[in-house]
Structures are given as structure tokens and as C-alpha cells.
$ cat model_13.cif   # mmCIF, C-alpha atoms and all ligand atoms
data_final
loop_
_atom_site.label_atom_id
_atom_site.label_comp_id
_atom_site.auth_asym_id
_atom_site.auth_seq_id
_atom_site.Cartn_x
_atom_site.Cartn_y
_atom_site.Cartn_z
CA MET I 514 7.72 23.54 3.81
CA TRP I 515 5.27 24.37 6.55
CA LYS I 516 2.40 26.51 5.36
CA VAL I 517 -0.05 28.32 7.55
CA GLY I 518 -3.26 26.34 7.63
CA MET I 519 -1.64 23.05 6.69
CA SER I 520 -2.69 21.38 9.88
CA GLU I 521 -6.36 22.22 9.37
CA ASP I 522 -6.11 21.22 5.71
CA ILE I 523 -4.79 17.77 6.52
CA GLY I 524 -7.31 17.33 9.31
CA ARG I 525 -10.20 18.34 7.08
CA ALA I 526 -9.04 16.22 4.17
CA LEU I 527 -8.59 13.18 6.42
CA GLN I 528 -12.02 13.60 7.93
CA SER I 529 -13.65 13.95 4.53
CA VAL I 530 -11.85 10.85 3.20
CA LEU I 531 -12.83 8.83 6.28
CA GLU I 532 -16.47 9.83 5.85
CA LYS I 533 -16.38 8.74 2.22
CA VAL I 534 -14.76 5.45 3.25
CA HIS I 535 -17.53 4.78 5.78
CA HIS I 536 -20.30 5.72 3.39
CA ALA I 537 -18.85 3.56 0.63
CA ALA I 538 -18.61 0.62 3.04
CA ALA I 539 -22.27 1.14 3.95
CA ARG I 540 -23.26 0.96 0.26
CA ARG I 541 -21.80 -2.53 -0.13
CA PRO I 542 -24.21 -5.30 -1.02
CA GLN I 543 -25.27 -7.51 1.88
CA ASN I 544 -23.15 -10.42 0.76
CA LEU I 545 -19.94 -8.41 1.00
CA LEU I 546 -18.01 -8.36 4.19
CA SER I 547 -19.02 -5.75 6.70
CA VAL I 548 -15.42 -5.22 7.76
CA GLN I 549 -14.39 -1.55 7.91
CA PRO I 550 -11.74 -0.82 5.30
CA ARG I 551 -8.34 0.35 6.50
CA LEU I 552 -7.19 3.75 5.30
CA VAL I 553 -3.51 3.87 4.42
CA ALA I 554 -2.40 7.48 4.02
CA VAL I 555 0.24 7.56 1.29
CA SER I 556 2.84 10.14 2.31
CA LYS I 557 5.49 9.63 -0.37
CA THR I 558 7.35 12.83 -1.32
CA LYS I 559 5.70 14.62 1.65
CA PRO I 560 7.69 15.73 4.71
CA ALA I 561 7.66 13.97 8.09
CA ASP I 562 5.86 17.01 9.53
CA MET I 563 2.80 16.20 7.44
CA VAL I 564 2.82 12.62 8.67
CA ILE I 565 3.01 13.83 12.26
CA GLU I 566 0.12 16.19 11.58
CA ALA I 567 -2.06 13.43 10.15
CA TYR I 568 -1.12 11.23 13.12
CA ARG I 569 -2.25 14.00 15.47
CA HIS I 570 -5.60 13.88 13.70
CA GLY I 571 -5.89 10.18 14.47
CA GLN I 572 -4.41 8.53 11.37
CA ARG I 573 -2.22 5.50 12.17
CA PHE I 574 -1.49 3.69 8.88
CA PHE I 575 0.87 5.30 6.39
CA GLY I 576 2.20 4.11 3.04
CA GLU I 577 5.50 4.77 1.28
CA ASN I 578 6.96 3.68 -2.09
CA TYR I 579 10.69 4.16 -1.67
CA VAL I 580 12.78 2.30 0.87
CA GLN I 581 15.25 5.12 1.48
CA GLU I 582 12.52 7.71 1.92
CA LEU I 583 10.57 5.41 4.24
CA LEU I 584 13.64 4.66 6.35
CA GLU I 585 14.45 8.35 6.72
CA LYS I 586 10.89 9.33 7.62
CA ALA I 587 10.31 6.42 9.97
CA SER I 588 13.60 7.17 11.78
CA ASP I 589 13.01 10.92 12.07
CA THR I 590 13.50 11.68 15.76
CA ASN I 591 10.57 14.06 15.93
CA LEU I 592 8.30 11.55 14.20
CA VAL I 593 9.48 8.65 16.36
CA SER I 594 8.69 10.53 19.56
CA SER I 595 5.37 11.99 18.31
CA CYS I 596 4.00 8.87 16.61
CA PRO I 597 4.65 5.81 18.82
CA GLU I 598 1.79 3.80 17.32
CA ILE I 599 2.45 4.54 13.68
CA LYS I 600 2.17 1.59 11.28
CA TRP I 601 4.03 1.74 7.98
CA HIS I 602 2.96 -0.06 4.81
CA PHE I 603 5.49 -0.48 2.04
CA ILE I 604 3.62 -0.20 -1.27
CA GLY I 605 6.37 0.32 -3.85
CA HIS I 606 8.39 -2.07 -5.97
CA LEU I 607 10.96 -3.73 -3.73
CA GLN I 608 14.41 -4.34 -5.17
CA LYS I 609 16.30 -7.23 -3.65
CA ASN I 610 19.25 -5.09 -2.60
CA HIS I 611 16.93 -2.94 -0.46
CA ILE I 612 15.34 -5.74 1.55
CA ASN I 613 17.59 -5.50 4.61
CA LYS I 614 17.11 -1.75 4.68
CA LEU I 615 13.35 -2.22 4.60
CA ALA I 616 13.49 -4.76 7.41
CA ALA I 617 15.30 -2.14 9.51
CA VAL I 618 12.41 0.37 9.25
CA PRO I 619 10.95 1.08 12.71
CA ASN I 620 7.25 0.10 12.97
CA LEU I 621 7.09 -1.60 9.59
CA HIS I 622 3.63 -3.15 9.60
CA MET I 623 3.01 -4.58 6.16
CA LEU I 624 4.75 -5.23 2.86
CA GLU I 625 2.09 -5.10 0.14
CA THR I 626 4.20 -5.88 -2.91
CA ILE I 627 5.60 -9.42 -2.88
CA ASP I 628 5.53 -10.63 -6.48
CA SER I 629 7.91 -13.57 -6.73
CA SER I 630 8.96 -16.53 -4.62
CA LYS I 631 12.58 -15.37 -4.78
CA LEU I 632 11.61 -12.03 -3.26
CA ALA I 633 9.47 -13.80 -0.65
CA ASP I 634 12.40 -16.05 0.33
CA LYS I 635 14.79 -13.12 0.66
CA VAL I 636 12.35 -11.05 2.72
CA ASN I 637 11.67 -14.10 4.87
CA SER I 638 15.31 -14.66 5.73
CA SER I 639 15.91 -10.96 6.28
CA TRP I 640 12.97 -10.80 8.71
CA GLN I 641 14.03 -14.05 10.38
CA LYS I 642 17.42 -12.53 11.20
CA LYS I 643 15.74 -9.86 13.28
CA GLY I 644 14.71 -12.60 15.68
CA LEU I 645 11.30 -11.12 16.46
CA ALA I 646 8.40 -13.25 17.61
CA GLU I 647 6.09 -11.35 15.28
CA LYS I 648 5.85 -12.30 11.62
CA LEU I 649 5.92 -9.67 8.89
CA LYS I 650 2.51 -9.24 7.26
CA VAL I 651 2.73 -9.49 3.48
CA MET I 652 0.43 -9.16 0.50
CA VAL I 653 0.95 -10.59 -2.94
CA GLN I 654 0.84 -7.96 -5.70
CA VAL I 655 -1.04 -9.07 -8.79
CA ASN I 656 -0.63 -7.39 -12.18
CA THR I 657 -4.36 -7.48 -12.89
CA SER I 658 -4.16 -5.35 -16.02
CA ARG I 659 -1.35 -7.51 -17.44
CA GLU I 660 0.46 -4.41 -18.66
CA CYS I 661 4.12 -5.34 -19.00
CA SER I 662 5.16 -1.96 -17.61
CA LYS I 663 3.66 -2.91 -14.27
CA HIS I 664 5.01 -4.87 -11.38
CA GLY I 665 3.13 -7.69 -9.80
CA LEU I 666 2.80 -11.29 -10.94
CA PRO I 667 0.46 -12.56 -13.67
CA PRO I 668 -2.92 -13.59 -12.20
CA GLY I 669 -2.32 -17.25 -13.11
CA ASP I 670 0.66 -17.43 -10.73
CA THR I 671 -1.10 -16.13 -7.62
CA VAL I 672 -2.07 -19.46 -6.09
CA GLY I 673 1.46 -20.82 -6.50
CA LEU I 674 3.08 -17.84 -4.80
CA VAL I 675 0.62 -17.76 -1.90
CA LYS I 676 1.21 -21.49 -1.39
CA HIS I 677 4.96 -20.93 -1.49
CA ILE I 678 4.78 -18.20 1.16
CA MET I 679 2.57 -20.28 3.44
CA GLU I 680 4.72 -23.39 3.15
CA ASN I 681 8.24 -22.00 2.92
CA CYS I 682 8.31 -18.60 4.60
CA PRO I 683 7.70 -19.11 8.33
CA SER I 684 8.61 -15.51 9.18
CA LEU I 685 5.97 -14.09 6.82
CA GLN I 686 2.24 -13.94 7.41
CA PHE I 687 0.26 -13.91 4.18
CA VAL I 688 -2.70 -11.53 4.61
CA GLY I 689 -4.08 -10.75 1.16
CA LEU I 690 -3.79 -9.56 -2.42
CA MET I 691 -2.92 -6.12 -3.79
CA THR I 692 -3.31 -4.46 -7.19
CA ILE I 693 -2.65 -1.05 -8.67
CA GLY I 694 -4.61 -1.56 -11.89
CA SER I 695 -4.81 0.60 -14.95
CA PHE I 696 -5.41 4.31 -14.56
CA GLY I 697 -8.37 6.32 -15.72
CA TYR I 698 -11.06 3.64 -15.72
CA ASP I 699 -14.56 5.09 -16.01
CA VAL I 700 -16.59 3.57 -13.16
CA THR I 701 -19.90 4.38 -14.84
CA GLU I 702 -19.09 1.41 -17.07
CA GLY I 703 -19.45 -1.05 -14.21
CA ILE I 704 -17.01 -2.83 -11.93
CA ASN I 705 -13.40 -2.01 -12.71
CA PRO I 706 -12.04 -5.13 -14.47
CA ASP I 707 -8.84 -4.94 -12.40
CA PHE I 708 -10.84 -5.18 -9.21
CA GLN I 709 -12.85 -8.04 -10.71
CA VAL I 710 -9.66 -9.94 -11.44
CA LEU I 711 -8.43 -9.45 -7.88
CA LEU I 712 -11.76 -10.64 -6.44
CA ALA I 713 -11.64 -13.72 -8.66
CA GLN I 714 -8.04 -14.37 -7.62
CA ARG I 715 -9.01 -14.30 -3.97
CA GLN I 716 -11.82 -16.76 -4.65
CA GLU I 717 -9.45 -19.10 -6.44
CA VAL I 718 -6.72 -18.90 -3.79
CA CYS I 719 -9.28 -19.64 -1.08
CA GLU I 720 -10.76 -22.60 -2.93
CA LYS I 721 -7.44 -24.15 -3.89
CA LEU I 722 -5.67 -23.60 -0.57
CA GLY I 723 -8.63 -24.02 1.76
CA LEU I 724 -8.56 -20.48 3.16
CA GLN I 725 -11.44 -18.32 4.38
CA VAL I 726 -12.51 -15.51 2.03
CA GLU I 727 -13.31 -13.36 5.07
CA ALA I 728 -9.76 -13.72 6.32
CA MET I 729 -8.12 -12.54 3.13
CA GLU I 730 -7.64 -8.84 2.51
CA LEU I 731 -7.83 -6.96 -0.77
CA SER I 732 -5.70 -3.83 -1.19
CA MET I 733 -7.21 -1.86 -4.07
CA GLY I 734 -8.35 1.72 -4.57
CA MET I 735 -6.50 5.05 -4.59
CA SER I 736 -7.58 8.71 -4.60
CA ALA I 737 -9.36 8.42 -7.93
CA ASP I 738 -11.34 5.24 -7.26
CA PHE I 739 -11.32 4.27 -3.59
CA GLU I 740 -15.08 4.57 -3.10
CA HIS I 741 -15.75 2.27 -6.02
CA ALA I 742 -13.08 -0.15 -4.77
CA ILE I 743 -14.67 -0.30 -1.33
CA GLU I 744 -18.16 -0.82 -2.76
CA VAL I 745 -16.92 -3.94 -4.54
CA GLY I 746 -15.00 -5.29 -1.56
CA SER I 747 -11.66 -3.57 -0.93
CA THR I 748 -10.46 -3.84 2.68
CA ASN I 749 -7.41 -1.59 2.33
CA VAL I 750 -7.34 1.67 0.37
CA ARG I 751 -4.13 3.60 -0.34
CA ILE I 752 -4.81 7.33 -0.57
CA GLY I 753 -2.20 10.03 -1.07
CA SER I 754 -2.97 13.23 -2.95
CA THR I 755 -6.52 13.61 -1.62
CA ILE I 756 -5.10 13.83 1.91
CA PHE I 757 -1.73 15.51 1.47
CA GLY I 758 -2.26 17.47 -1.77
CA GLU I 759 -0.80 16.92 -5.21
CA ARG I 760 2.72 15.59 -5.28
CA ILE I 761 5.37 17.83 -6.80
CA TYR I 762 8.33 16.07 -8.28
CA SER I 763 11.53 17.95 -8.69
CA LYS I 764 14.14 17.01 -11.24
CA ASP I 765 16.16 13.99 -10.29
CA THR I 766 19.48 15.31 -9.06
CA LYS I 767 21.43 12.54 -10.71
CA GLY I 768 19.92 12.72 -14.14
CA ASP I 769 17.51 15.07 -15.74
CA GLN I 770 14.60 12.71 -15.69
CA THR I 771 11.46 13.91 -14.05
CA VAL I 772 9.48 11.27 -12.24
CA THR I 773 5.90 11.45 -13.35
CA ASP I 774 3.07 10.44 -11.12
CA ALA I 775 2.09 7.44 -13.23
CA GLN I 776 5.65 6.15 -13.34
CA ASP I 777 5.89 6.70 -9.64
CA LYS I 778 2.85 4.54 -8.90
CA LEU I 779 4.39 1.79 -10.96
CA GLY I 780 7.65 2.14 -9.13
CA THR I 781 9.54 2.02 -12.40
CA LEU I 782 11.55 5.10 -11.62
CA SER I 783 12.86 6.20 -8.33
CA VAL I 784 13.69 9.34 -6.46
CA GLN I 785 16.14 10.07 -3.67
CA GLY I 786 18.96 8.06 -5.07
CA GLN I 787 17.37 4.64 -5.25
C1 LIG I 801 1.18 6.85 -4.91
C2 LIG I 801 0.42 5.61 -4.71
C3 LIG I 801 -0.88 5.61 -4.18
C4 LIG I 801 -1.63 6.88 -3.84
O1 LIG I 801 -2.01 7.55 -4.99
P1 LIG I 801 -3.02 8.81 -4.95
O2 LIG I 801 -3.59 8.83 -6.30
O3 LIG I 801 -2.20 9.99 -4.61
O4 LIG I 801 -4.03 8.51 -3.91
C5 LIG I 801 -1.49 4.39 -3.96
N1 LIG I 801 -0.89 3.22 -4.26
C6 LIG I 801 0.35 3.18 -4.77
C7 LIG I 801 0.96 1.86 -5.06
C8 LIG I 801 1.03 4.36 -5.02
O5 LIG I 801 2.26 4.30 -5.55
#
$ encode --input "model_13.cif" --output "C-alpha cells" --more "lines below"
Ligand SMILES: *Cc1c(COP(=O)(O)O)cnc(C)c1O
Amino acid sequence: MWKVGMSEDIGRALQSVLEKVHHAAARRPQNLLSVQPRLVAVSKTKPADMVIEAYRHGQRFFGENYVQELLEKASDTNLVSSCPEIKWHFIGHLQKNHINKLAAVPNLHMLETIDSSKLADKVNSSWQKKGLAEKLKVMVQVNTSRECSKHGLPPGDTVGLVKHIMENCPSLQFVGLMTIGSFGYDVTEGINPDFQVLLAQRQEVCEKLGLQVEAMELSMGMSADFEHAIEVGSTNVRIGSTIFGERIYSKDTKGDQTVTDAQDKLGTLSVQGQ
């Protein structure tokens, strides 16, 4: 796994991404929030050693798509002792039978993919059972492109779900909205319509529920479009391949299906026995 030069590669890539993040934030129009976007380094399919390396270079927030893989990485004894301040974001589709496993992940910081009140209720009671004073931070995932292959709730249901979480899930702290969006949008054509939908959703949620726009996060932007996402107001970008290199998917050991990158981002297929 370990290649000579990997450490410098990750360090260099991280530094270059962080510079781009800062520059993109500086290009925002005056009326957009001046808050520095959070970089979530997406380490799915990559070994714990790479996470530790990125942590050594100062990175603290990491994202994973698969509960089993996250649990294994977050419990790795070497990682646990080397990365005491690590903060994990879960960014994949969450199946109900994996909720308790997710709640057991050490240093779980945020769940970005709540997309139904049923799921919210189950996560709430699972987190409640842990008996911690701290609430679990959650985002609501919106299917902004309305593609039926994608997870996330239809934009029209966002206000209802946010209201449900705030009123009925005392162990959850609602912090913002998340979208994946359609792939391959050409940014020279103007603001990505997926990002526009998420911005409009935030506006609507704030107006209807009396919340502050400044206090609500937007998780949008990946390797291909994070600078654009930040320019239009993203506060949380999820970046994988630009930091850790292209992901290589081996054949699923149980079947002979190969998980493609696009399917993986949608969370429609799974690796590692999930
Ligand atoms: C894999 C993944 C990312 C990171 O994708 P890159 O293109 O490698 O930056 C971001 N968000 C989600 C939800 C993902 O599944």
C-alpha cells in the first residue's frame, strides 16, 4: 500500500486544495458569508495510513461513505492513537440497519445524509441511547437534480423534514443542507442549477422556520467543482480524489459487480460487504 513519496504527495495535494479553497472564498461576492469553508477530506477506499498522513499535515475533517469501512478506519488502533482530534463526517446513504453501527463510530462529528423523518427518528433514538450530553450534528440531503437514481429528499419536502428534526429529535442538531447534484455540469454556463436549488432551499427553510441564513450550512462541491461551489456559497466541501488520488475499485468479492465511481457517490452500490 505504502508508496515512497506518498506522504509528500498528500501534503502537497492538501496544501494546494486549501489554497484553492481560500482563494475561492475570497472571490465570493460581498453579500455572501465570509465564513471560511470547511474542507472534508473524503478517504473512502483509501487506507488508514493515508488518513493518518493527512492528519499529520493538519487535516482534521474526514468523510466516508460506508458504515463498515468508517467503523474499521475510525477504530484502527494506530489511527486512534495518532489522530485524537479527528472528526468524521458520514456522507453516504445510510441504511436503517446500520444506524447503531454508525453511532458507535469513535469521533463521529456529522451525519450529512438524513433524507426522511423515519431515518431521523431512528438516528435520534440510537444517539439518545449513548447518553452523551452532545447532540449529533446532522444535515438534510436534498436531491436537487431530482434524478430518481439519487438519494436525498425532493426539494419540496425540505422544510417539513427540518421542522420534524427540530421539533421531534432532541438528540440531533440540525446544521444545514447537503447535495451531491448531477455530474459533469459545465460551470462556464453559470451557476450550477443544483447549487441554486440548495441555496433557494436554505432561503425557504430560514423564512418558514425563522432561522438565520448565516447559521445554516451548505454542503456542496467535490473535486470537480468545489471552487465554483464555494464562490456561490458552499460552507462545506467534500474532496476525495484530488487529495488522495483516483480511487481504484476492485471486483466485489461477493458478486462480480464492479462499483463505479458514479454509483459510489450515489451510494447505490456498496463495497466491503454492506
Ligand atoms: C466520493 C464522494 C465525494 C468525493 O468525490 P471526489 O470527486 O473524489 O472529490 C464527495 N461527496 C460524496 C457524497 C462522495 O460520495
$ residues_near_ligand --input "model_13.cif" --ligand "ligand LIG 801 (chain I)" --cutoff "9 Å" --atoms "all atoms listed in the file" --output "ChimeraX atom specification"
/I:553-557,576-578,603-606,625-626,691-693,733-739,750-760,774-780
$ closest_residue --input "model_13.cif" --among "I:Ser595, I:Thr558, I:Asn749, I:Ser695" --to "I:Thr657" --atoms "all atoms listed in the file"
I:Ser695
$ residues_around --input "model_13.cif" --residues "stretch 628-634 of chain I" --least-positions-apart "4" --cutoff "12 Å" --atoms "only C-alpha atoms" --output "JSON, numbers by chain"
{"I": [604, 605, 606, 607, 608, 609, 610, 611, 612, 613, 624, 638, 639, 640, 641, 649, 650, 651, 652, 653, 654, 655, 656, 663, 664, 665, 666, 667, 668, 670, 671, 672, 673, 674, 675, 676, 677, 678, 679, 680, 681, 682, 683, 684, 685, 686, 687, 690, 691, 692]}
$ closest_residue --input "model_13.cif" --among "I:Gly746, I:Pro706, I:Gly524, I:Gly689" --to "I:Tyr568" --atoms "all atoms listed in the file"
I:Gly524
$ atom_distance --input "model_13.cif" --atom1 "atom CA of I:Ala526" --atom2 "atom CA of I:Phe708"
25.3 Å
$ closest_residue --input "model_13.cif" --among "I:Arg659, I:Arg541, I:Lys586, I:Lys533" --to "I:Asp707" --atoms "all atoms listed in the file"
I:Arg659
$ closest_residue --input "model_13.cif" --among "I:Glu647, I:Asp589, I:Glu532, I:Asp562" --to "I:Glu740" --atoms "all atoms listed in the file"
I:Glu532
